[in-house]
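Shown next: start05.txt, given as compact mmCIF, C-alpha atoms.
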```txt
# COMPACT_ATOMS: atom_id res chain seq x y z
CA MET A 1 0.00 0.00 0.00
CA LYS A 2 1.05 3.58 -0.63
CA SER A 3 2.36 5.86 2.12
CA LEU A 4 2.52 9.64 2.46
CA LEU A 5 5.10 9.61 5.24
CA GLN A 6 7.87 10.96 3.02
CA HIS A 7 5.79 13.45 1.06
CA PRO A 8 7.80 16.71 1.16
CA ASP A 9 4.83 18.96 2.01
CA LEU A 10 3.85 16.81 4.97
CA VAL A 11 7.43 16.31 6.17
CA THR A 12 8.16 20.04 6.05
CA LEU A 13 4.94 21.01 7.82
CA HIS A 14 5.38 18.30 10.44
CA GLN A 15 8.87 19.52 11.31
CA SER A 16 7.71 23.13 11.36
CA VAL A 17 4.91 22.44 13.84
CA ALA A 18 6.88 19.92 15.92
CA ASN A 19 9.62 22.53 16.44
CA HIS A 20 7.55 25.71 16.47
CA SER A 21 9.31 28.72 17.98
CA MET A 22 6.34 29.34 20.31
CA TYR A 23 7.34 26.49 22.63
CA ASN A 24 10.63 28.11 23.62
CA LYS A 25 8.86 31.39 24.33
CA ILE A 26 6.76 29.96 27.16
CA LEU A 27 8.83 31.66 29.84
CA THR A 28 6.31 32.39 32.59
CA LEU A 29 3.26 30.82 34.16
CA SER A 30 1.19 33.49 32.39
CA ASP A 31 2.58 32.33 29.02
CA LEU A 32 1.74 28.72 29.87
CA LYS A 33 -1.83 29.69 30.75
CA ILE A 34 -2.24 31.46 27.40
CA MET A 35 -0.96 28.42 25.53
CA MET A 36 -3.18 25.99 27.42
CA GLU A 37 -6.28 28.16 27.03
CA THR A 38 -5.86 27.86 23.26
CA HIS A 39 -4.61 24.28 23.12
CA VAL A 40 -7.66 23.03 25.01
CA PHE A 41 -9.69 23.64 21.82
CA ALA A 42 -7.50 21.09 20.04
CA VAL A 43 -7.76 18.65 22.95
CA TRP A 44 -11.54 18.88 22.71
CA ASP A 45 -12.14 18.71 18.95
CA PHE A 46 -9.73 15.77 18.64
CA MET A 47 -12.44 13.52 20.04
CA SER A 48 -14.89 14.47 17.28
CA LEU A 49 -12.43 13.20 14.67
CA LEU A 50 -11.95 9.98 16.61
CA LYS A 51 -15.69 9.51 17.17
CA ARG A 52 -16.38 9.97 13.45
CA LEU A 53 -13.88 7.18 12.75
CA GLN A 54 -15.50 5.00 15.39
CA LYS A 55 -18.96 5.72 14.02
CA GLU A 56 -17.87 4.95 10.45
CA ILE A 57 -15.64 1.93 11.00
CA THR A 58 -17.25 0.17 13.95
CA CYS A 59 -20.95 -0.32 14.60
CA VAL A 60 -22.51 1.99 17.18
CA GLU A 61 -26.08 1.52 15.96
CA VAL A 62 -28.94 -0.43 17.52
CA PRO A 63 -29.57 -3.15 16.58
CA TRP A 64 -25.88 -3.96 16.14
CA VAL A 65 -24.59 -5.52 12.93
CA PRO A 66 -21.02 -6.54 12.08
CA SER A 67 -18.86 -3.81 10.55
CA CYS A 68 -18.13 -4.06 6.83
CA TYR A 69 -14.53 -3.03 7.50
CA PRO A 70 -11.70 -5.49 8.26
CA LYS A 71 -11.92 -6.69 11.84
CA GLN A 72 -8.34 -5.63 12.53
CA LEU A 73 -9.28 -2.07 11.60
CA VAL A 74 -12.33 -2.21 13.89
CA ARG A 75 -10.05 -3.38 16.70
CA LEU A 76 -7.53 -0.59 16.05
CA ILE A 77 -10.18 2.12 16.32
CA ASN A 78 -11.75 0.63 19.44
CA GLU A 79 -8.32 0.41 21.07
CA ILE A 80 -7.65 4.08 20.38
CA VAL A 81 -11.08 5.05 21.75
CA LEU A 82 -10.40 3.01 24.89
CA GLY A 83 -7.10 4.80 25.46
CA GLU A 84 -8.43 8.29 24.76
CA GLU A 85 -11.84 8.12 26.42
CA SER A 86 -11.02 5.95 29.44
CA ASP A 87 -7.30 6.01 30.18
CA LEU A 88 -5.79 5.93 33.68
CA ASP A 89 -4.56 8.96 35.57
CA GLN A 90 -1.55 9.12 37.87
CA ASN A 91 -3.55 7.41 40.63
CA GLY A 92 -4.80 4.56 38.47
CA GLU A 93 -8.30 6.02 38.17
CA ALA A 94 -10.19 5.94 34.86
CA ILE A 95 -10.29 9.30 33.08
CA ASP A 96 -10.67 10.71 29.58
CA HIS A 97 -7.82 12.81 28.24
CA PHE A 98 -9.96 15.94 27.91
CA THR A 99 -10.82 15.87 31.62
CA LEU A 100 -7.18 15.17 32.41
CA TYR A 101 -6.23 18.32 30.50
CA LEU A 102 -8.91 20.39 32.25
CA ASN A 103 -7.46 19.20 35.56
CA ALA A 104 -4.03 20.34 34.39
CA MET A 105 -5.48 23.75 33.51
CA THR A 106 -7.10 24.09 36.93
CA GLU A 107 -3.80 23.14 38.53
CA ILE A 108 -2.00 26.19 37.11
CA GLY A 109 -4.95 28.59 37.24
CA ALA A 110 -5.73 28.59 33.51
CA SER A 111 -9.34 29.23 32.54
CA SER A 112 -11.35 26.79 30.45
CA ASP A 113 -14.37 29.12 30.34
CA LYS A 114 -13.95 30.18 26.71
CA LEU A 115 -13.87 26.58 25.49
CA LEU A 116 -16.71 25.43 27.76
CA ASN A 117 -18.84 28.37 26.64
CA PHE A 118 -18.10 27.54 23.01
CA ILE A 119 -19.14 23.92 23.57
CA SER A 120 -22.41 25.27 24.93
CA ASP A 121 -23.27 27.92 22.34
CA LYS A 122 -20.99 27.16 19.31
CA ASP A 123 -20.58 30.91 18.82
CA TYR A 124 -17.47 31.29 16.67
CA SER A 125 -17.55 35.09 17.08
CA LYS A 126 -16.41 34.72 20.69
CA ILE A 127 -13.15 32.92 19.91
CA THR A 128 -10.03 34.03 18.07
CA ILE A 129 -9.52 33.74 14.32
CA ALA A 130 -7.00 30.91 14.57
CA GLN A 131 -9.14 29.04 17.10
CA LYS A 132 -12.17 29.45 14.84
CA ASN A 133 -10.35 28.26 11.72
CA PHE A 134 -8.86 25.27 13.50
CA VAL A 135 -12.02 24.09 15.24
CA GLU A 136 -14.29 24.81 12.27
CA PHE A 137 -12.06 22.75 9.99
CA ASN A 138 -11.97 19.78 12.34
CA LEU A 139 -15.66 19.78 13.25
CA SER A 140 -16.68 20.18 9.62
CA LEU A 141 -14.35 17.35 8.62
CA ALA A 142 -15.66 15.15 11.43
CA SER A 143 -19.26 15.82 10.37
CA ASN A 144 -19.05 15.92 6.58
CA GLY A 145 -15.61 14.84 5.40
CA LEU A 146 -14.81 11.61 3.61
CA VAL A 147 -13.68 8.99 6.09
CA HIS A 148 -10.17 8.76 4.65
CA GLU A 149 -9.86 12.56 4.94
CA VAL A 150 -10.82 12.31 8.60
CA ALA A 151 -8.28 9.52 9.08
CA ALA A 152 -5.58 11.65 7.41
CA ALA A 153 -6.22 14.65 9.67
CA PHE A 154 -6.32 12.30 12.63
CA PHE A 155 -2.97 10.74 11.69
CA PHE A 156 -0.91 13.63 10.30
CA GLY A 157 -2.46 16.40 12.39
CA ARG A 158 -2.70 14.48 15.65
CA GLU A 159 -1.29 11.01 16.29
CA LYS A 160 1.91 11.35 14.24
CA LEU A 161 2.49 14.97 15.26
CA ILE A 162 1.69 14.91 18.96
CA PRO A 163 4.66 12.85 20.27
CA ASP A 164 7.20 15.13 18.58
CA MET A 165 5.27 18.30 19.41
CA PHE A 166 4.75 17.41 23.07
CA THR A 167 8.38 16.36 23.45
CA SER A 168 9.42 19.84 22.29
CA ILE A 169 6.92 21.53 24.60
CA LEU A 170 7.95 19.44 27.61
CA ASP A 171 11.65 20.03 27.01
CA ASP A 172 11.14 23.78 26.79
CA LEU A 173 8.89 23.88 29.86
CA GLU A 174 11.50 22.03 31.89
CA LYS A 175 14.20 24.39 30.69
CA ASN A 176 12.32 27.68 30.93
CA ILE A 177 9.89 27.31 33.82
CA ASN A 178 10.59 24.19 35.83
CA THR A 179 14.31 24.57 36.63
CA ASN A 180 13.89 25.16 40.36
CA ASN A 181 10.69 23.25 41.02
CA GLN A 182 10.45 19.68 39.79
CA ASN A 183 6.93 19.35 41.26
CA LEU A 184 5.40 22.14 39.19
CA PHE A 185 2.31 21.28 37.09
CA PRO A 186 2.37 17.46 37.62
CA ASN A 187 -0.97 16.94 35.83
CA LEU A 188 0.24 18.72 32.70
CA LYS A 189 3.52 16.82 32.75
CA TYR A 190 1.65 13.54 33.12
CA TYR A 191 -0.67 14.51 30.24
CA LEU A 192 2.24 15.35 27.96
CA ILE A 193 4.32 12.30 28.89
CA ARG A 194 1.34 9.98 28.57
CA HIS A 195 0.65 11.18 25.02
CA ILE A 196 4.29 10.94 24.06
CA GLU A 197 4.20 7.32 25.20
CA ILE A 198 0.92 6.08 23.75
CA ASP A 199 0.76 8.20 20.61
CA GLY A 200 4.39 7.54 19.78
CA GLY A 201 4.26 3.86 20.60
CA GLU A 202 0.73 2.69 19.82
CA HIS A 203 -1.80 5.14 18.49
CA SER A 204 0.39 6.58 15.75
CA HIS A 205 1.00 3.15 14.24
CA GLN A 206 -2.67 2.25 14.55
CA ALA A 207 -3.78 5.50 12.90
CA GLU A 208 -1.31 4.98 10.06
CA LYS A 209 -2.67 1.48 9.44
CA CYS A 210 -6.21 2.84 9.50
CA LEU A 211 -5.37 5.42 6.83
CA ALA A 212 -3.64 2.83 4.65
CA VAL A 213 -6.62 0.49 4.76
CA LEU A 214 -9.11 3.27 4.00
CA CYS A 215 -7.15 4.60 1.01
CA GLY A 216 -5.95 1.26 -0.34
CA ASN A 217 -4.59 1.69 -3.85
CA ASP A 218 -6.93 4.53 -4.77
CA GLU A 219 -4.82 7.47 -5.97
CA THR A 220 -7.70 9.91 -5.60
CA LYS A 221 -8.19 8.98 -1.97
CA TRP A 222 -4.47 9.36 -1.26
CA ASN A 223 -4.50 12.83 -2.81
CA GLN A 224 -7.51 13.81 -0.74
CA ALA A 225 -5.82 12.41 2.35
CA ARG A 226 -2.67 14.42 1.62
CA LEU A 227 -4.65 17.65 1.35
CA ALA A 228 -6.48 16.94 4.60
CA GLY A 229 -3.16 16.30 6.34
CA VAL A 230 -1.59 19.44 4.92
CA ASN A 231 -4.55 21.61 5.94
CA SER A 232 -4.57 20.13 9.43
CA LEU A 233 -0.88 20.93 9.95
CA LYS A 234 -1.19 24.43 8.48
CA LEU A 235 -4.05 25.27 10.82
CA ARG A 236 -2.13 23.93 13.82
CA SER A 237 0.83 26.11 12.83
CA ALA A 238 -1.45 29.15 12.58
CA LEU A 239 -2.84 28.34 16.03
CA TRP A 240 0.68 28.39 17.50
CA ASP A 241 1.55 31.56 15.55
CA GLU A 242 -1.38 33.31 17.19
CA VAL A 243 -0.40 32.11 20.65
CA GLU A 244 3.18 33.23 20.12
CA GLN A 245 2.05 36.68 19.02
CA SER A 246 -0.04 37.02 22.20
CA PHE A 247 2.96 36.66 24.50
CA ILE A 248 4.10 39.96 25.97
```
Structure rendered as C-alpha cells:
Amino acid sequence: MKSLLQHPDLVTLHQSVANHSMYNKILTLSDLKIMMETHVFAVWDFMSLLKRLQKEITCVEVPWVPSCYPKQLVRLINEIVLGEESDLDQNGEAIDHFTLYLNAMTEIGASSDKLLNFISDKDYSKITIAQKNFVEFNLSLASNGLVHEVAAAFFFGREKLIPDMFTSILDDLEKNINTNNQNLFPNLKYYLIRHIEIDGGEHSHQAEKCLAVLCGNDETKWNQARLAGVNSLKLRSALWDEVEQSFI
C-alpha cells in the first residue's frame, strides 16, 4: 500500500509544527496559561475526529450488525477510543484525556471558560480567528468529510504529530519554567508524557494502518488524504503563531 510519510509537504509542515518557535517562548506561568487556554480547543475537537472514525468503522447503531470493515481495523479504532476516552490517571483512576487536561489547567490557574462556553453555544464570534479556523475545519471534517480525509487529519495532524510536538513543549517547559521546582504542574507533565508514550508507541501506528486500509490503492483517496493532512498541519501552525504573538 502507498504511504505519504515521506511526502515533502507533509514532512516540512510536520517539522515546522513539531519545532515551532512558540514552545521556547513559554517563559512564565502566564505564558503557559495562554498556551493551554488555546490548546484546550485542540484537545476537545480531537475527540470528534476519533468519534467519526469509530462511528464509520465500527458499529454503534442499535440493533448492532457486524462492521463491513476489516476486523483488525475495527479493533484498532476501538483500542484508540479506549485509550483516549477511558485512560488511567496518575492514581490509576479511569479518566478521559480531555478531563485530564482540564485538571491540568485548573492546577495552574488557567481558565477553560472560553472553550466550555463555546461547547455550549458554538458561537465562533467569541473565539479568536486561529481558534475558529482550527475548530471549524476539524468539526466540519468530522461531520461531513470523507472517512479517509478524517483519518488523514487524525494521523498527520494528531497522532503522528503529537509525540514530537509534546516532546518539544515538555523540554522547553523544563528548561524555561521548571528549573527550580520539579513538582510544578504534575498533571500537565503527566498529560504530555502519557501522550508521548501512547501516541508515539501505539496510536500513531494504529492511525497509520487505518489510513492505509481506507485509502488502499486509490490514488484519488491518497491525494484527498494528503490535502487533509496538509490543511490540518497548516491550521495547527497558525494556532501556535497566534499564541506566540499574544505573549508579551
Exercise. Quick one: residues within 9 Å of segment 115-130 of chain A, all atoms listed in the file counted, chain neighbours fewer than 6 positions away excluded, as an MDAnalysis selection string?
Worked result: chainID A and resid 37:38 40:41 44 136 235:236 238:242
Exercise. Skipping near chain neighbours, those fewer than 6 positions away, what residues fall within 12 Å of His39 of chain A using all atoms listed in the file, listed as a PyMOL selection string?
Worked result: chain A and resi 32-33+45-46+98+101-102+104-105+110-112+114-115+130-131+134-135+166+169+236-237+239-240+242-243
Exercise. Counting all atoms listed in the file, what is within 7 Å of segment 7-23 of chain A, bar same-chain residues fewer than 5 positions away, as a list of chain:residue names?
Worked result: A:Leu161, A:Asp164, A:Met165, A:Ser168, A:Ile169, A:Asp172, A:Val230, A:Leu233, A:Ser237, A:Trp240, A:Glu244
Exercise. With distances taken over all atoms listed in the file, which of A:Ile108, A:Ile248, A:Leu27, A:Ile196 is nearest to Arg158 of chain A?
Worked result: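 Among A:Ile108, A:Ile248, A:Leu27, A:Ile196, it is A:Ile196 that comes nearest to Arg158 of chain A.
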Exercise. For Cys210 of chain A, which residue among A:Gln54, A:Asn187, A:Thr28, A:Thr167 is the nearest when counting only C-alpha atoms?
Worked result: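 Going through A:Gln54, A:Asn187, A:Thr28, A:Thr167 one by one, the smallest distance to Cys210 of chain A is for A:Gln54.
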For this session: Would you mind telling me which residue in A:Val65, A:Ala94, A:Ala152, A:Ala207 lies nearest to Asn223 of chain A when using all atoms listed in the file?
Result: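 The shortest atom-to-atom distance to Asn223 of chain A comes from A:Ala152.
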Exercise. Mind pulling up the distance from atom CA of Leu188 of chain A to atom CA of Met35 of chain A?
Worked result: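 Here the two named atoms are 12.1 Å from each other.
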Problem set entry | Using only C-alpha atoms: which of A:Leu73, A:Ala42, A:His203, A:Lys189 has the shortest distance to Ile57 of chain A |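 Comparing A:Leu73, A:Ala42, A:His203, A:Lys189 against Ile57 of chain A, the winner is A:Leu73.
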